[in-house]
>>> print(open('upload_11.cif').read())   # mmCIF, C-alpha atoms
data_run
#
loop_
_atom_site.group_PDB
_atom_site.id
_atom_site.type_symbol
_atom_site.label_atom_id
_atom_site.label_comp_id
_atom_site.auth_asym_id
_atom_site.auth_seq_id
_atom_site.Cartn_x
_atom_site.Cartn_y
_atom_site.Cartn_z
ATOM 1 C CA MET A 1 92.478 249.641 -56.710
ATOM 2 C CA SER A 2 89.363 251.259 -58.174
ATOM 3 C CA THR A 3 91.127 252.039 -61.476
ATOM 4 C CA ILE A 4 92.144 248.383 -61.868
ATOM 5 C CA PHE A 5 88.492 247.305 -61.840
ATOM 6 C CA GLU A 6 87.037 250.389 -63.534
ATOM 7 C CA GLU A 7 85.216 248.289 -66.154
ATOM 8 C CA HIS A 8 83.344 246.274 -63.527
ATOM 9 C CA HIS A 9 81.006 246.690 -60.581
ATOM 10 C CA LEU A 10 82.726 247.618 -57.332
ATOM 11 C CA CYS A 11 81.255 246.311 -54.072
ATOM 12 C CA HIS A 12 82.880 247.664 -50.899
ATOM 13 C CA ASP A 13 81.055 245.333 -48.502
ATOM 14 C CA SER A 14 80.360 241.658 -49.282
ATOM 15 C CA SER A 15 77.140 241.804 -47.232
ATOM 16 C CA ARG A 16 75.629 243.974 -50.000
ATOM 17 C CA LEU A 17 76.034 241.361 -52.746
ATOM 18 C CA SER A 18 72.406 240.298 -52.422
ATOM 19 C CA SER A 19 71.150 243.873 -52.903
ATOM 20 C CA GLU A 20 69.363 244.973 -56.074
ATOM 21 C CA GLN A 21 72.453 246.868 -57.231
ATOM 22 C CA PHE A 22 74.537 243.697 -57.595
ATOM 23 C CA CYS A 23 72.010 240.870 -58.024
ATOM 24 C CA ASN A 24 72.173 241.046 -61.838
ATOM 25 C CA ALA A 25 75.818 242.145 -62.161
ATOM 26 C CA GLU A 26 78.009 239.815 -64.199
ATOM 27 C CA ARG A 27 81.456 240.977 -63.004
ATOM 28 C CA ILE A 28 82.006 242.226 -59.446
ATOM 29 C CA TYR A 29 85.058 243.139 -57.383
ATOM 30 C CA ILE A 30 84.458 242.775 -53.623
ATOM 31 C CA ARG A 31 86.794 245.161 -51.852
ATOM 32 C CA ASP A 32 86.658 243.793 -48.299
ATOM 33 C CA LYS A 33 87.322 240.236 -49.591
ATOM 34 C CA ASN A 34 89.807 241.281 -52.297
ATOM 35 C CA THR A 35 87.892 238.961 -54.626
ATOM 36 C CA PHE A 36 86.778 239.315 -58.236
ATOM 37 C CA ILE A 37 83.659 237.326 -59.168
ATOM 38 C CA PHE A 38 82.596 235.961 -62.524
ATOM 39 C CA ASN A 39 78.858 235.823 -61.942
ATOM 40 C CA LYS A 40 76.140 233.936 -63.858
ATOM 41 C CA VAL A 41 78.294 232.179 -66.451
ATOM 42 C CA LEU A 42 76.685 229.257 -68.271
ATOM 43 C CA VAL A 43 78.546 225.944 -68.356
ATOM 44 C CA GLY A 44 80.654 225.709 -71.510
ATOM 45 C CA GLN A 45 80.544 229.442 -72.265
ATOM 46 C CA THR A 46 83.458 231.849 -71.813
ATOM 47 C CA ALA A 47 83.348 235.110 -69.848
ATOM 48 C CA GLN A 48 86.107 237.722 -70.117
ATOM 49 C CA ALA A 49 87.346 240.402 -67.739
ATOM 50 C CA ARG A 50 89.963 243.134 -68.240
ATOM 51 C CA PHE A 51 92.050 244.631 -65.453
ATOM 52 C CA LYS A 52 93.805 247.959 -65.948
ATOM 53 C CA ILE A 53 97.416 247.965 -64.731
ATOM 54 C CA THR A 54 99.150 251.346 -64.689
ATOM 55 C CA ASN A 55 102.871 252.121 -64.706
ATOM 56 C CA ASN A 56 103.315 255.516 -63.032
ATOM 57 C CA SER A 57 107.124 255.391 -63.049
ATOM 58 C CA LYS A 58 109.401 257.138 -65.525
ATOM 59 C CA VAL A 59 110.859 253.875 -66.830
ATOM 60 C CA PRO A 60 109.127 251.005 -68.642
ATOM 61 C CA CYS A 61 108.435 247.786 -66.758
ATOM 62 C CA VAL A 62 107.682 244.147 -67.524
ATOM 63 C CA LEU A 63 105.133 242.276 -65.424
ATOM 64 C CA SER A 64 104.790 238.515 -65.168
ATOM 65 C CA LEU A 65 101.186 237.350 -64.831
ATOM 66 C CA ALA A 66 100.069 234.071 -63.306
ATOM 67 C CA ILE A 67 96.950 232.292 -62.079
ATOM 68 C CA LYS A 68 97.475 230.075 -59.061
ATOM 69 C CA TYR A 69 94.850 227.540 -58.077
ATOM 70 C CA ILE A 70 93.714 226.964 -54.533
ATOM 71 C CA GLY A 71 93.908 223.394 -53.307
ATOM 72 C CA SER A 72 94.760 220.459 -55.580
ATOM 73 C CA LYS A 73 95.430 221.426 -59.187
ATOM 74 C CA THR A 74 93.922 219.127 -61.787
ATOM 75 C CA SER A 75 93.842 219.341 -65.571
ATOM 76 C CA ARG A 76 90.097 219.955 -65.415
ATOM 77 C CA ILE A 77 90.436 223.000 -63.145
ATOM 78 C CA ALA A 78 93.521 224.297 -64.960
ATOM 79 C CA ASP A 79 91.425 225.011 -68.060
ATOM 80 C CA VAL A 80 88.808 227.110 -66.246
ATOM 81 C CA PHE A 81 90.731 230.372 -65.731
ATOM 82 C CA ASN A 82 93.111 231.514 -68.453
ATOM 83 C CA LEU A 83 95.337 234.494 -69.253
ATOM 84 C CA SER A 84 95.491 236.001 -72.739
ATOM 85 C CA ALA A 85 99.173 236.872 -72.130
ATOM 86 C CA ALA A 86 101.733 235.749 -69.545
ATOM 87 C CA THR A 87 103.637 239.062 -69.570
ATOM 88 C CA LEU A 88 102.836 242.750 -69.947
ATOM 89 C CA SER A 89 105.415 245.274 -71.176
ATOM 90 C CA ILE A 90 104.063 248.609 -69.977
ATOM 91 C CA PRO A 91 105.693 251.844 -71.237
ATOM 92 C CA ARG A 92 106.536 254.576 -68.732
ATOM 93 C CA GLN A 93 103.572 256.521 -67.359
ATOM 94 C CA SER A 94 101.147 254.394 -69.319
ATOM 95 C CA HIS A 95 98.836 251.435 -68.797
ATOM 96 C CA LEU A 96 97.813 248.091 -70.302
ATOM 97 C CA PHE A 97 95.028 245.599 -69.644
ATOM 98 C CA ALA A 98 95.468 242.093 -68.299
ATOM 99 C CA VAL A 99 92.763 239.814 -69.710
ATOM 100 C CA VAL A 100 91.413 236.808 -67.792
ATOM 101 C CA THR A 101 88.819 234.384 -69.153
ATOM 102 C CA PHE A 102 86.590 232.003 -67.223
ATOM 103 C CA THR A 103 85.034 228.902 -68.824
ATOM 104 C CA PRO A 104 83.158 226.714 -66.305
ATOM 105 C CA GLN A 105 82.924 223.052 -67.217
ATOM 106 C CA THR A 106 80.441 221.969 -64.553
ATOM 107 C CA MET A 107 78.067 223.521 -62.016
ATOM 108 C CA LEU A 108 80.825 224.032 -59.456
ATOM 109 C CA CYS A 109 82.384 226.989 -57.660
ATOM 110 C CA TYR A 110 85.973 227.587 -58.820
ATOM 111 C CA ASN A 111 88.612 229.573 -56.932
ATOM 112 C CA ALA A 112 92.036 230.852 -57.923
ATOM 113 C CA VAL A 113 94.449 233.739 -57.324
ATOM 114 C CA PHE A 114 95.564 236.322 -59.901
ATOM 115 C CA GLU A 115 99.138 237.478 -59.385
ATOM 116 C CA ALA A 116 101.295 240.088 -61.117
ATOM 117 C CA THR A 117 105.009 240.290 -60.261
ATOM 118 C CA MET A 118 107.921 242.411 -61.457
ATOM 119 C CA GLU A 119 111.623 241.513 -61.430
ATOM 120 C CA VAL A 120 113.687 244.004 -59.448
ATOM 121 C CA THR A 121 117.446 244.283 -59.998
ATOM 122 C CA SER A 122 119.827 246.056 -57.640
ATOM 123 C CA ARG A 123 123.601 246.350 -57.406
ATOM 124 C CA MET A 124 123.546 245.480 -53.737
ATOM 125 C CA THR A 125 121.096 242.557 -53.864
ATOM 126 C CA PRO A 126 120.400 239.734 -56.328
ATOM 127 C CA THR A 127 117.415 239.923 -58.672
ATOM 128 C CA PHE A 128 114.117 239.176 -56.928
ATOM 129 C CA LYS A 129 110.431 239.270 -57.800
ATOM 130 C CA ASN A 130 108.314 242.016 -56.319
ATOM 131 C CA LYS A 131 104.577 241.246 -56.053
ATOM 132 C CA VAL A 132 102.750 244.171 -57.631
ATOM 133 C CA LEU A 133 99.156 242.954 -57.589
ATOM 134 C CA GLU A 134 97.253 240.031 -56.117
ATOM 135 C CA PHE A 135 93.546 239.281 -55.735
ATOM 136 C CA ASN A 136 91.264 236.247 -55.580
ATOM 137 C CA LEU A 137 89.258 234.917 -58.514
ATOM 138 C CA ARG A 138 85.944 233.183 -58.083
ATOM 139 C CA GLY A 139 83.500 231.838 -60.627
ATOM 140 C CA GLU A 140 80.555 229.470 -60.668
ATOM 141 C CA GLY A 141 79.064 227.565 -63.561
ATOM 142 C CA SER A 142 75.294 227.605 -64.020
ATOM 143 C CA LEU A 143 72.683 226.059 -66.301
ATOM 144 C CA PRO A 144 69.520 227.680 -67.682
ATOM 145 C CA SER A 145 66.347 226.637 -65.901
ATOM 146 C CA VAL A 146 62.787 227.508 -66.942
ATOM 147 C CA CYS A 147 59.562 226.006 -65.609
ATOM 148 C CA VAL A 148 55.911 226.307 -66.689
ATOM 149 C CA VAL A 149 53.689 227.950 -64.061
ATOM 150 C CA ARG A 150 50.483 227.966 -66.134
ATOM 151 C CA PRO A 151 48.664 225.976 -67.383
ATOM 152 C CA ALA A 152 48.466 223.596 -64.452
ATOM 153 C CA LEU A 153 46.257 221.131 -66.367
ATOM 154 C CA ARG A 154 47.992 217.942 -67.499
ATOM 155 C CA ASN A 155 47.031 215.252 -69.995
ATOM 156 C CA SER A 156 47.090 211.493 -69.472
ATOM 157 C CA ARG A 157 50.842 211.432 -70.128
ATOM 158 C CA GLY A 158 51.509 214.024 -67.453
ATOM 159 C CA ARG A 159 52.295 216.829 -69.901
ATOM 160 C CA GLN A 160 50.980 220.301 -69.265
ATOM 161 C CA MET A 161 48.475 221.464 -71.865
ATOM 162 C CA LEU A 162 46.402 224.470 -72.849
ATOM 163 C CA GLN A 163 42.763 223.450 -73.281
ATOM 164 C CA PHE A 164 40.537 225.448 -75.635
ATOM 165 C CA ARG A 165 36.775 224.966 -75.750
ATOM 166 C CA ARG A 166 34.895 225.036 -79.040
ATOM 167 C CA VAL A 167 35.305 228.347 -80.800
ATOM 168 C CA LEU A 168 33.178 229.709 -83.649
ATOM 169 C CA VAL A 169 34.905 229.839 -87.015
ATOM 170 C CA GLY A 170 36.683 233.159 -87.450
ATOM 171 C CA ARG A 171 36.710 233.886 -83.724
ATOM 172 C CA ARG A 172 39.846 233.927 -81.557
ATOM 173 C CA LYS A 173 40.356 232.542 -78.103
ATOM 174 C CA THR A 174 43.428 233.060 -75.932
ATOM 175 C CA ARG A 175 44.854 231.231 -72.934
ATOM 176 C CA PRO A 176 47.755 232.409 -70.724
ATOM 177 C CA LEU A 177 51.112 230.630 -70.857
ATOM 178 C CA VAL A 178 53.214 231.639 -67.847
ATOM 179 C CA LEU A 179 56.900 230.719 -67.730
ATOM 180 C CA LEU A 180 59.224 231.223 -64.771
ATOM 181 C CA ASN A 181 62.982 231.652 -65.086
ATOM 182 C CA ASP A 182 64.083 230.042 -61.822
ATOM 183 C CA GLY A 183 67.761 230.068 -62.825
ATOM 184 C CA ASN A 184 70.297 232.781 -62.023
ATOM 185 C CA ALA A 185 70.823 234.117 -65.558
ATOM 186 C CA GLN A 186 68.646 236.031 -68.011
ATOM 187 C CA ARG A 187 67.275 233.811 -70.774
ATOM 188 C CA HIS A 188 65.618 234.340 -74.164
ATOM 189 C CA LEU A 189 63.105 231.703 -75.223
ATOM 190 C CA ALA A 190 61.625 230.820 -78.596
ATOM 191 C CA THR A 191 58.227 229.093 -78.538
ATOM 192 C CA GLN A 192 56.645 226.981 -81.256
ATOM 193 C CA ALA A 193 53.206 225.399 -81.430
ATOM 194 C CA ALA A 194 52.876 222.042 -83.206
ATOM 195 C CA SER A 195 49.383 221.671 -84.670
ATOM 196 C CA SER A 196 47.597 218.402 -85.427
ATOM 197 C CA THR A 197 44.678 217.667 -87.779
ATOM 198 C CA PRO A 198 41.410 218.054 -85.808
ATOM 199 C CA ARG A 199 39.051 215.085 -85.665
ATOM 200 C CA ARG A 200 35.554 215.650 -87.077
ATOM 201 C CA SER A 201 32.749 214.650 -84.743
ATOM 202 C CA ARG A 202 30.055 214.847 -87.436
ATOM 203 C CA PRO A 203 29.884 214.771 -91.283
ATOM 204 C CA PRO A 204 30.036 218.099 -93.135
ATOM 205 C CA MET A 205 26.725 219.935 -93.465
ATOM 206 C CA THR A 206 26.922 220.011 -97.303
ATOM 207 C CA GLN A 207 26.829 216.218 -97.492
ATOM 208 C CA GLY A 208 23.621 216.087 -95.447
ATOM 209 C CA ILE A 209 21.942 218.674 -97.689
ATOM 210 C CA SER A 210 22.939 216.771 -100.832
ATOM 211 C CA ARG A 211 21.468 213.524 -99.557
ATOM 212 C CA CYS A 212 18.256 215.257 -98.540
ATOM 213 C CA ASN A 213 17.796 216.696 -102.050
ATOM 214 C CA GLU A 214 18.340 213.294 -103.662
ATOM 215 C CA SER A 215 15.761 211.612 -101.465
ATOM 216 C CA CYS A 216 13.226 214.322 -102.235
#
>>> encode(input="upload_11.cif", output="structure tokens")
Amino acid sequence: MSTIFEEHHLCHDSSRLSSEQFCNAERIYIRDKNTFIFNKVLVGQTAQARFKITNNSKVPCVLSLAIKYIGSKTSRIADVFNLSAATLSIPRQSHLFAVVTFTPQTMLCYNAVFEATMEVTSRMTPTFKNKVLEFNLRGEGSLPSVCVVRPALRNSRGRQMLQFRRVLVGRRKTRPLVLLNDGNAQRHLATQAASSTPRRSRPPMTQGISRCNESC
């Protein structure tokens, strides 16, 4: 089984999923649950996983691939997991990859079963399908979430704001802006400061000097 999931993280015990080794992993196969997880996929985005299927026999084979949904099947759920191809024609002593995509539409947990079967023909018995591979699929949609930790000060409208005291011309003053990613996916943020025209509390000094000279 390890070669099938060689491109992904392999977890032998589901109790270790919360460990540091797997907390940031995006694709995980849990051996004791026979379950493959699409982890941390944003709603509306598509994640892809490849599974290596090997034909060790001396004759080529054709596999039929299918995704079966657990519980009631609706059109909404049917679009979440998809196969890039419904069949795989694998040459003798070779391998091919089955490709499954996951596109969550809401912040729900989706479950399905991946199944690969092969038609077997014998002179003594009628043609039947032999199940070659089967494992569970699980995926959960998520949304990005970022909150502002600092500053804690808010204006009259309840918006958080950075307050700067008066600073001499040419000097620089800094204030910390602390953001917390409290979602379950890594995010990249772009910040932009919108400036407004400052209000003058007193007339310019040059005007006062000019008036003084005129009165003298």
>>> resolve_selection(input="upload_11.cif", expression="the PyMOL selection byres ((chain A and resi 90-94) around 8)", output="PDB file with C-alpha atoms, keeping the file's coordinate frame")
ATOM      1  CA  THR A  54      99.150 251.346 -64.689  1.00  0.00           C
ATOM      2  CA  ASN A  55     102.871 252.121 -64.706  1.00  0.00           C
ATOM      3  CA  ASN A  56     103.315 255.516 -63.032  1.00  0.00           C
ATOM      4  CA  SER A  57     107.124 255.391 -63.049  1.00  0.00           C
ATOM      5  CA  LYS A  58     109.401 257.138 -65.525  1.00  0.00           C
ATOM      6  CA  VAL A  59     110.859 253.875 -66.830  1.00  0.00           C
ATOM      7  CA  PRO A  60     109.127 251.005 -68.642  1.00  0.00           C
ATOM      8  CA  CYS A  61     108.435 247.786 -66.758  1.00  0.00           C
ATOM      9  CA  VAL A  62     107.682 244.147 -67.524  1.00  0.00           C
ATOM     10  CA  LEU A  63     105.133 242.276 -65.424  1.00  0.00           C
ATOM     11  CA  LEU A  88     102.836 242.750 -69.947  1.00  0.00           C
ATOM     12  CA  SER A  89     105.415 245.274 -71.176  1.00  0.00           C
ATOM     13  CA  HIS A  95      98.836 251.435 -68.797  1.00  0.00           C
ATOM     14  CA  LEU A  96      97.813 248.091 -70.302  1.00  0.00           C
TER      15      LEU A  96
END
>>> atom_distance(input="upload_11.cif", atom1="atom CA of Met107 of chain A", atom2="atom CA of Gln48 of chain A")
18.2 Å
>>> closest_residue(input="upload_11.cif", among="A:Leu108, A:Met118, A:Val149, A:Cys23", to="Leu42 of chain A", atoms="all atoms listed in the file")
A:Leu108
>>> resolve_selection(input="upload_11.cif", expression="the PyMOL selection byres ((chain A and resi 52) around 12)", output="PyMOL selection string")
chain A and resi 1-8+49-51+53-55+88+90+94-100+116+133
>>> write_last_selection(input="upload_11.cif", atoms="C-alpha atoms", output="PDB file, in the coordinates of the input")
ATOM      1  CA  MET A   1      92.478 249.641 -56.710  1.00  0.00           C
ATOM      2  CA  SER A   2      89.363 251.259 -58.174  1.00  0.00           C
ATOM      3  CA  THR A   3      91.127 252.039 -61.476  1.00  0.00           C
ATOM      4  CA  ILE A   4      92.144 248.383 -61.868  1.00  0.00           C
ATOM      5  CA  PHE A   5      88.492 247.305 -61.840  1.00  0.00           C
ATOM      6  CA  GLU A   6      87.037 250.389 -63.534  1.00  0.00           C
ATOM      7  CA  GLU A   7      85.216 248.289 -66.154  1.00  0.00           C
ATOM      8  CA  HIS A   8      83.344 246.274 -63.527  1.00  0.00           C
ATOM      9  CA  ALA A  49      87.346 240.402 -67.739  1.00  0.00           C
ATOM     10  CA  ARG A  50      89.963 243.134 -68.240  1.00  0.00           C
ATOM     11  CA  PHE A  51      92.050 244.631 -65.453  1.00  0.00           C
ATOM     12  CA  ILE A  53      97.416 247.965 -64.731  1.00  0.00           C
ATOM     13  CA  THR A  54      99.150 251.346 -64.689  1.00  0.00           C
ATOM     14  CA  ASN A  55     102.871 252.121 -64.706  1.00  0.00           C
ATOM     15  CA  LEU A  88     102.836 242.750 -69.947  1.00  0.00           C
ATOM     16  CA  ILE A  90     104.063 248.609 -69.977  1.00  0.00           C
ATOM     17  CA  SER A  94     101.147 254.394 -69.319  1.00  0.00           C
ATOM     18  CA  HIS A  95      98.836 251.435 -68.797  1.00  0.00           C
ATOM     19  CA  LEU A  96      97.813 248.091 -70.302  1.00  0.00           C
ATOM     20  CA  PHE A  97      95.028 245.599 -69.644  1.00  0.00           C
ATOM     21  CA  ALA A  98      95.468 242.093 -68.299  1.00  0.00           C
ATOM     22  CA  VAL A  99      92.763 239.814 -69.710  1.00  0.00           C
ATOM     23  CA  VAL A 100      91.413 236.808 -67.792  1.00  0.00           C
ATOM     24  CA  ALA A 116     101.295 240.088 -61.117  1.00  0.00           C
ATOM     25  CA  LEU A 133      99.156 242.954 -57.589  1.00  0.00           C
TER      26      LEU A 133
END
>>> resolve_selection(input="upload_11.cif", expression="the PyMOL selection byres ((chain A and resi 41) around 9)", output="list in words")
Glu26, Phe38, Asn39, Lys40, Leu42, Val43, Gly44, Gln45, Thr46, Ala47, Phe102, Thr103, Pro104, Gly139, Glu140, Gly141, Ser142, Leu143 and Ala185 of chain A
>>> residues_around(input="upload_11.cif", residues="Phe164 of chain A", least_positions_apart="4", cutoff="12 Å", atoms="all atoms listed in the file", output="PyMOL selection string")
chain A and resi 151+153+168+172-176
>>> atom_distance(input="upload_11.cif", atom1="atom CA of Thr117 of chain A", atom2="atom CA of Lys33 of chain A")
20.7 Å
>>> atom_distance(input="upload_11.cif", atom1="atom CA of Leu83 of chain A", atom2="atom CA of Pro144 of chain A")
26.7 Å
>>> closest_residue(input="upload_11.cif", among="A:Arg154, A:Leu162, A:Leu137, A:Ile37", to="Val178 of chain A", atoms="only C-alpha atoms")
A:Leu162
